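For reference, coords36.txt is printed below; it contains compact mmCIF, N, CA and C atoms.
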# COMPACT_ATOMS: atom_id res chain seq x y z
N LEU A 1 4.45 -7.44 -13.67
CA LEU A 1 3.91 -6.38 -12.82
C LEU A 1 4.77 -6.27 -11.58
N ALA A 2 5.27 -5.08 -11.37
CA ALA A 2 6.12 -4.90 -10.19
C ALA A 2 5.90 -3.52 -9.61
N PHE A 3 5.91 -3.47 -8.31
CA PHE A 3 5.71 -2.20 -7.64
C PHE A 3 6.87 -1.27 -7.89
N GLY A 4 8.03 -1.82 -8.02
CA GLY A 4 9.21 -1.00 -8.23
C GLY A 4 9.00 -0.03 -9.38
N SER A 5 8.27 -0.44 -10.38
CA SER A 5 8.00 0.43 -11.51
C SER A 5 6.90 1.42 -11.18
N ARG A 6 6.19 1.18 -10.10
CA ARG A 6 5.07 2.00 -9.67
C ARG A 6 3.97 2.04 -10.72
N GLN A 7 4.00 1.11 -11.64
CA GLN A 7 3.00 1.11 -12.68
C GLN A 7 2.02 -0.03 -12.52
N LEU A 8 2.12 -0.78 -11.48
CA LEU A 8 1.29 -1.94 -11.42
C LEU A 8 0.27 -1.95 -10.32
N PHE A 9 0.50 -1.27 -9.27
CA PHE A 9 -0.31 -1.51 -8.10
C PHE A 9 -1.66 -0.86 -8.07
N PHE A 10 -1.82 0.10 -7.30
CA PHE A 10 -3.14 0.66 -7.03
C PHE A 10 -3.25 2.03 -7.62
N GLY A 11 -4.39 2.53 -7.73
CA GLY A 11 -4.54 3.88 -8.22
C GLY A 11 -5.92 4.37 -7.93
N GLY A 12 -6.27 5.45 -8.51
CA GLY A 12 -7.60 5.96 -8.28
C GLY A 12 -7.57 7.26 -7.52
N GLU A 13 -8.56 8.02 -7.72
CA GLU A 13 -8.66 9.30 -7.07
C GLU A 13 -8.82 9.13 -5.57
N GLY A 14 -8.12 9.98 -4.84
CA GLY A 14 -8.33 10.06 -3.41
C GLY A 14 -7.67 8.98 -2.58
N LEU A 15 -6.86 8.10 -3.17
CA LEU A 15 -6.23 7.07 -2.36
C LEU A 15 -4.91 7.52 -1.76
N GLY A 16 -4.32 8.55 -2.31
CA GLY A 16 -3.02 8.95 -1.80
C GLY A 16 -2.95 10.44 -1.65
N GLN A 17 -1.79 10.96 -1.97
CA GLN A 17 -1.57 12.38 -1.83
C GLN A 17 -2.34 13.14 -2.90
N GLY A 18 -3.12 14.07 -2.47
CA GLY A 18 -3.83 14.91 -3.41
C GLY A 18 -2.92 16.00 -3.93
N GLU A 19 -3.28 16.60 -5.01
CA GLU A 19 -2.46 17.68 -5.53
C GLU A 19 -2.39 18.79 -4.50
N GLY A 20 -1.19 19.32 -4.35
CA GLY A 20 -1.01 20.42 -3.41
C GLY A 20 -0.89 19.99 -1.97
N GLN A 21 -0.89 18.69 -1.71
CA GLN A 21 -0.76 18.23 -0.33
C GLN A 21 0.66 17.77 -0.09
N ALA A 22 1.42 18.55 0.60
CA ALA A 22 2.77 18.12 0.97
C ALA A 22 2.64 17.00 1.99
N GLY A 23 3.29 15.90 1.74
CA GLY A 23 3.20 14.78 2.67
C GLY A 23 1.98 13.93 2.44
N GLY A 24 0.89 14.53 2.07
CA GLY A 24 -0.34 13.85 1.68
C GLY A 24 -0.80 12.75 2.61
N GLY A 25 -1.79 12.03 2.14
CA GLY A 25 -2.27 10.86 2.83
C GLY A 25 -3.35 11.13 3.85
N SER A 26 -3.52 12.35 4.32
CA SER A 26 -4.49 12.60 5.37
C SER A 26 -5.91 12.32 4.90
N ASP A 27 -6.17 12.51 3.62
CA ASP A 27 -7.50 12.24 3.10
C ASP A 27 -7.59 10.84 2.49
N SER A 28 -6.53 10.10 2.56
CA SER A 28 -6.48 8.75 2.01
C SER A 28 -7.22 7.78 2.90
N PRO A 29 -7.92 6.81 2.30
CA PRO A 29 -8.53 5.77 3.12
C PRO A 29 -7.50 4.76 3.62
N ILE A 30 -6.27 4.83 3.11
CA ILE A 30 -5.20 3.93 3.54
C ILE A 30 -4.47 4.57 4.71
N LYS A 31 -4.54 3.92 5.85
CA LYS A 31 -3.97 4.44 7.10
C LYS A 31 -2.91 3.49 7.63
N GLY A 32 -1.98 4.02 8.41
CA GLY A 32 -0.90 3.23 8.98
C GLY A 32 -1.35 2.12 9.91
N TRP A 33 -2.53 2.26 10.50
CA TRP A 33 -3.02 1.21 11.40
C TRP A 33 -3.59 0.03 10.64
N MET A 34 -3.76 0.20 9.32
CA MET A 34 -4.31 -0.88 8.50
C MET A 34 -3.22 -1.88 8.13
N SER A 35 -3.63 -3.11 7.92
CA SER A 35 -2.69 -4.13 7.46
C SER A 35 -2.72 -4.18 5.93
N LEU A 36 -1.71 -4.80 5.34
CA LEU A 36 -1.71 -4.98 3.90
C LEU A 36 -2.90 -5.85 3.49
N ALA A 37 -3.30 -6.78 4.36
CA ALA A 37 -4.49 -7.60 4.08
C ALA A 37 -5.75 -6.73 4.04
N ASP A 38 -5.85 -5.76 4.93
CA ASP A 38 -6.99 -4.83 4.93
C ASP A 38 -7.03 -4.05 3.61
N ILE A 39 -5.87 -3.56 3.20
CA ILE A 39 -5.79 -2.73 2.00
C ILE A 39 -6.10 -3.57 0.75
N ALA A 40 -5.62 -4.81 0.73
CA ALA A 40 -5.91 -5.69 -0.40
C ALA A 40 -7.42 -5.92 -0.50
N ALA A 41 -8.06 -6.16 0.62
CA ALA A 41 -9.51 -6.38 0.62
C ALA A 41 -10.26 -5.13 0.18
N MET A 42 -9.80 -3.97 0.63
CA MET A 42 -10.46 -2.72 0.30
C MET A 42 -10.32 -2.37 -1.18
N THR A 43 -9.16 -2.66 -1.76
CA THR A 43 -8.88 -2.24 -3.13
C THR A 43 -9.17 -3.31 -4.18
N GLY A 44 -9.25 -4.56 -3.74
CA GLY A 44 -9.44 -5.65 -4.69
C GLY A 44 -8.14 -6.11 -5.34
N ILE A 45 -7.03 -5.58 -4.90
CA ILE A 45 -5.72 -5.99 -5.41
C ILE A 45 -5.33 -7.27 -4.68
N PRO A 46 -4.87 -8.28 -5.42
CA PRO A 46 -4.51 -9.54 -4.76
C PRO A 46 -3.45 -9.36 -3.68
N LEU A 47 -3.67 -9.99 -2.56
CA LEU A 47 -2.76 -9.89 -1.43
C LEU A 47 -1.35 -10.34 -1.82
N GLU A 48 -1.27 -11.29 -2.73
CA GLU A 48 0.03 -11.79 -3.17
C GLU A 48 0.87 -10.68 -3.80
N GLU A 49 0.22 -9.72 -4.45
CA GLU A 49 0.96 -8.60 -5.05
C GLU A 49 1.60 -7.73 -3.97
N PHE A 50 0.89 -7.56 -2.87
CA PHE A 50 1.45 -6.79 -1.75
C PHE A 50 2.65 -7.53 -1.16
N ALA A 51 2.49 -8.83 -0.95
CA ALA A 51 3.57 -9.63 -0.38
C ALA A 51 4.81 -9.57 -1.27
N ALA A 52 4.61 -9.70 -2.57
CA ALA A 52 5.73 -9.70 -3.50
C ALA A 52 6.39 -8.32 -3.57
N GLU A 53 5.60 -7.27 -3.62
CA GLU A 53 6.16 -5.92 -3.77
C GLU A 53 6.89 -5.46 -2.53
N TRP A 54 6.33 -5.69 -1.37
CA TRP A 54 6.89 -5.13 -0.14
C TRP A 54 7.71 -6.15 0.65
N GLY A 55 7.77 -7.40 0.18
CA GLY A 55 8.61 -8.40 0.84
C GLY A 55 8.12 -8.82 2.21
N VAL A 56 6.82 -8.74 2.41
CA VAL A 56 6.24 -9.08 3.71
C VAL A 56 5.76 -10.53 3.66
N PRO A 57 6.22 -11.37 4.60
CA PRO A 57 5.78 -12.77 4.60
C PRO A 57 4.31 -12.91 4.98
N ALA A 58 3.73 -14.02 4.60
CA ALA A 58 2.31 -14.27 4.83
C ALA A 58 1.89 -14.04 6.27
N GLU A 59 2.74 -14.45 7.21
CA GLU A 59 2.35 -14.33 8.62
C GLU A 59 2.30 -12.89 9.12
N ALA A 60 2.87 -11.95 8.36
CA ALA A 60 2.87 -10.54 8.78
C ALA A 60 1.89 -9.69 7.98
N LEU A 61 1.22 -10.25 6.99
CA LEU A 61 0.32 -9.47 6.13
C LEU A 61 -0.91 -8.95 6.88
N GLY A 62 -1.26 -9.57 7.98
CA GLY A 62 -2.40 -9.13 8.78
C GLY A 62 -2.05 -8.16 9.89
N LEU A 63 -0.76 -7.82 10.01
CA LEU A 63 -0.33 -6.89 11.05
C LEU A 63 -0.40 -5.45 10.54
N PRO A 64 -0.62 -4.49 11.43
CA PRO A 64 -0.67 -3.09 11.01
C PRO A 64 0.63 -2.67 10.31
N MET A 65 0.49 -1.89 9.24
CA MET A 65 1.67 -1.40 8.53
C MET A 65 2.64 -0.70 9.47
N LYS A 66 2.11 0.08 10.40
CA LYS A 66 2.97 0.83 11.32
C LYS A 66 3.86 -0.08 12.13
N ASP A 67 3.47 -1.34 12.29
CA ASP A 67 4.25 -2.28 13.08
C ASP A 67 5.27 -3.07 12.25
N VAL A 68 5.11 -3.09 10.94
CA VAL A 68 6.01 -3.90 10.10
C VAL A 68 6.80 -3.10 9.08
N LYS A 69 6.45 -1.86 8.85
CA LYS A 69 7.05 -1.07 7.77
C LYS A 69 8.56 -0.91 7.90
N ASP A 70 9.04 -0.65 9.09
CA ASP A 70 10.48 -0.47 9.26
C ASP A 70 11.24 -1.77 9.04
N GLN A 71 10.69 -2.86 9.52
CA GLN A 71 11.33 -4.16 9.37
C GLN A 71 11.46 -4.55 7.90
N TYR A 72 10.47 -4.19 7.08
CA TYR A 72 10.47 -4.60 5.68
C TYR A 72 10.82 -3.46 4.72
N GLY A 73 11.13 -2.28 5.25
CA GLY A 73 11.66 -1.20 4.45
C GLY A 73 10.69 -0.47 3.56
N PHE A 74 9.49 -0.20 4.03
CA PHE A 74 8.53 0.60 3.28
C PHE A 74 7.79 1.51 4.24
N SER A 75 7.06 2.47 3.68
CA SER A 75 6.25 3.37 4.49
C SER A 75 4.80 3.31 4.02
N ALA A 76 3.92 3.84 4.82
CA ALA A 76 2.52 3.92 4.41
C ALA A 76 2.40 4.75 3.14
N GLU A 77 3.23 5.77 3.00
CA GLU A 77 3.20 6.60 1.79
C GLU A 77 3.61 5.79 0.56
N ASP A 78 4.59 4.88 0.73
CA ASP A 78 4.98 4.00 -0.37
C ASP A 78 3.79 3.15 -0.82
N VAL A 79 3.08 2.61 0.15
CA VAL A 79 1.94 1.75 -0.18
C VAL A 79 0.84 2.58 -0.84
N ARG A 80 0.56 3.77 -0.30
CA ARG A 80 -0.45 4.64 -0.92
C ARG A 80 -0.10 4.92 -2.38
N GLY A 81 1.15 5.29 -2.62
CA GLY A 81 1.59 5.57 -3.98
C GLY A 81 1.49 4.37 -4.88
N GLY A 82 1.88 3.21 -4.36
CA GLY A 82 1.80 1.99 -5.14
C GLY A 82 0.36 1.63 -5.47
N VAL A 83 -0.53 1.81 -4.51
CA VAL A 83 -1.94 1.52 -4.74
C VAL A 83 -2.49 2.47 -5.81
N GLU A 84 -2.17 3.74 -5.70
CA GLU A 84 -2.65 4.70 -6.69
C GLU A 84 -2.18 4.32 -8.08
N ASP A 85 -0.91 4.00 -8.22
CA ASP A 85 -0.36 3.64 -9.52
C ASP A 85 -1.03 2.40 -10.08
N ARG A 86 -1.24 1.42 -9.23
CA ARG A 86 -1.84 0.15 -9.67
C ARG A 86 -3.26 0.36 -10.13
N LEU A 87 -4.04 1.13 -9.39
CA LEU A 87 -5.44 1.33 -9.74
C LEU A 87 -5.60 2.27 -10.93
N ALA A 88 -4.57 3.06 -11.22
CA ALA A 88 -4.64 3.99 -12.34
C ALA A 88 -4.45 3.26 -13.68
N GLN A 89 -4.02 2.04 -13.65
CA GLN A 89 -3.77 1.29 -14.88
C GLN A 89 -5.06 0.88 -15.55

Kindly present the structure from the file in structure tokens form.
Amino acid sequence: LAFGSRQLFFGGEGLGQGEGQAGGGSDSPIKGWMSLADIAAMTGIPLEEFAAEWGVPAEALGLPMKDVKDQYGFSAEDVRGGVEDRLAQ
């Protein structure tokens, strides 16, 4: 299971970009102020999967995505998409 394939992570209606929403995410429960630990708890996806997919060390998993995304090379949209894909499985 790897996020790179976008087939493993999260999914489900309403977690990411809706159809017809350019840029999307505004209706998503996943927000930039949330940490990967928050999202793992909300979705039931193991926190270890987030750490492995996005390369975020354990000590940074509780920090807001907006504060760590640039350092680890991902965006909130990447996480939303990954969550949608994972939950759609």

Inset, instruction - Measure the distance from atom N of Gly73 (chain A) to CA of Asp85 (chain A) in Å and round it to one decimal. - result: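 Taking atom N of Gly73 (chain A) and CA of Asp85 (chain A), their separation equals 19.6 Å.
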
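Selection around (-3.5, 2.6, 7.5) with radius 10 Å, counting only C-alpha atoms, yields the residues A:Gly25, A:Ser28, A:Pro29, A:Ile30, A:Lys31, A:Gly32, A:Trp33, A:Met34, A:Ser35, A:Leu36, A:Asp38, A:Ile39, A:Pro64, A:Met65, A:Lys66, A:Ala76, A:Glu77, A:Val79, A:Arg80.
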
Inset, instruction - Provide the CA of Pro57 (chain A) to atom C of Asp27 (chain A) distance in Å, to one decimal place. - result: 27.2 Å

Inset, instruction - In Å, rounded to a single decimal, give me how far CA of Ala88 (chain A) is from atom C of Asp67 (chain A). - result: 27.4 Å

Compute the distance from (7.1, -7.2, 3.1) to each atom, counting only N, CA and C atoms, keep the residues with any atom at most 8 Å away, and return them as a tab-separated table (two decimals) with N, CA and C atoms, in the coordinates of the input; use the coordinates of the file.
chain	number	residue	atom	x	y	z
A	50	PHE	N	0.89	-7.56	-2.87
A	50	PHE	CA	1.45	-6.79	-1.75
A	50	PHE	C	2.65	-7.53	-1.16
A	51	ALA	N	2.49	-8.83	-0.95
A	51	ALA	CA	3.57	-9.63	-0.38
A	51	ALA	C	4.81	-9.57	-1.27
A	52	ALA	N	4.61	-9.70	-2.57
A	52	ALA	CA	5.73	-9.70	-3.50
A	52	ALA	C	6.39	-8.32	-3.57
A	53	GLU	N	5.60	-7.27	-3.62
A	53	GLU	CA	6.16	-5.92	-3.77
A	53	GLU	C	6.89	-5.46	-2.53
A	54	TRP	N	6.33	-5.69	-1.37
A	54	TRP	CA	6.89	-5.13	-0.14
A	54	TRP	C	7.71	-6.15	0.65
A	55	GLY	N	7.77	-7.40	0.18
A	55	GLY	CA	8.61	-8.40	0.84
A	55	GLY	C	8.12	-8.82	2.21
A	56	VAL	N	6.82	-8.74	2.41
A	56	VAL	CA	6.24	-9.08	3.71
A	56	VAL	C	5.76	-10.53	3.66
A	57	PRO	N	6.22	-11.37	4.60
A	57	PRO	CA	5.78	-12.77	4.60
A	57	PRO	C	4.31	-12.91	4.98
A	58	ALA	N	3.73	-14.02	4.60
A	58	ALA	CA	2.31	-14.27	4.83
A	58	ALA	C	1.89	-14.04	6.27
A	60	ALA	N	2.87	-11.95	8.36
A	60	ALA	CA	2.87	-10.54	8.78
A	60	ALA	C	1.89	-9.69	7.98
A	61	LEU	N	1.22	-10.25	6.99
A	61	LEU	CA	0.32	-9.47	6.13
A	61	LEU	C	-0.91	-8.95	6.88
A	68	VAL	N	5.11	-3.09	10.94
A	68	VAL	CA	6.01	-3.90	10.10
A	68	VAL	C	6.80	-3.10	9.08
A	69	LYS	N	6.45	-1.86	8.85
A	69	LYS	CA	7.05	-1.07	7.77
A	69	LYS	C	8.56	-0.91	7.90
A	71	GLN	N	10.69	-2.86	9.52
A	71	GLN	CA	11.33	-4.16	9.37
A	71	GLN	C	11.46	-4.55	7.90
A	72	TYR	N	10.47	-4.19	7.08
A	72	TYR	CA	10.47	-4.60	5.68
A	72	TYR	C	10.82	-3.46	4.72
A	73	GLY	N	11.13	-2.28	5.25
A	73	GLY	CA	11.66	-1.20	4.45
A	73	GLY	C	10.69	-0.47	3.56
A	74	PHE	N	9.49	-0.20	4.03
A	74	PHE	CA	8.53	0.60	3.28
A	74	PHE	C	7.79	1.51	4.24
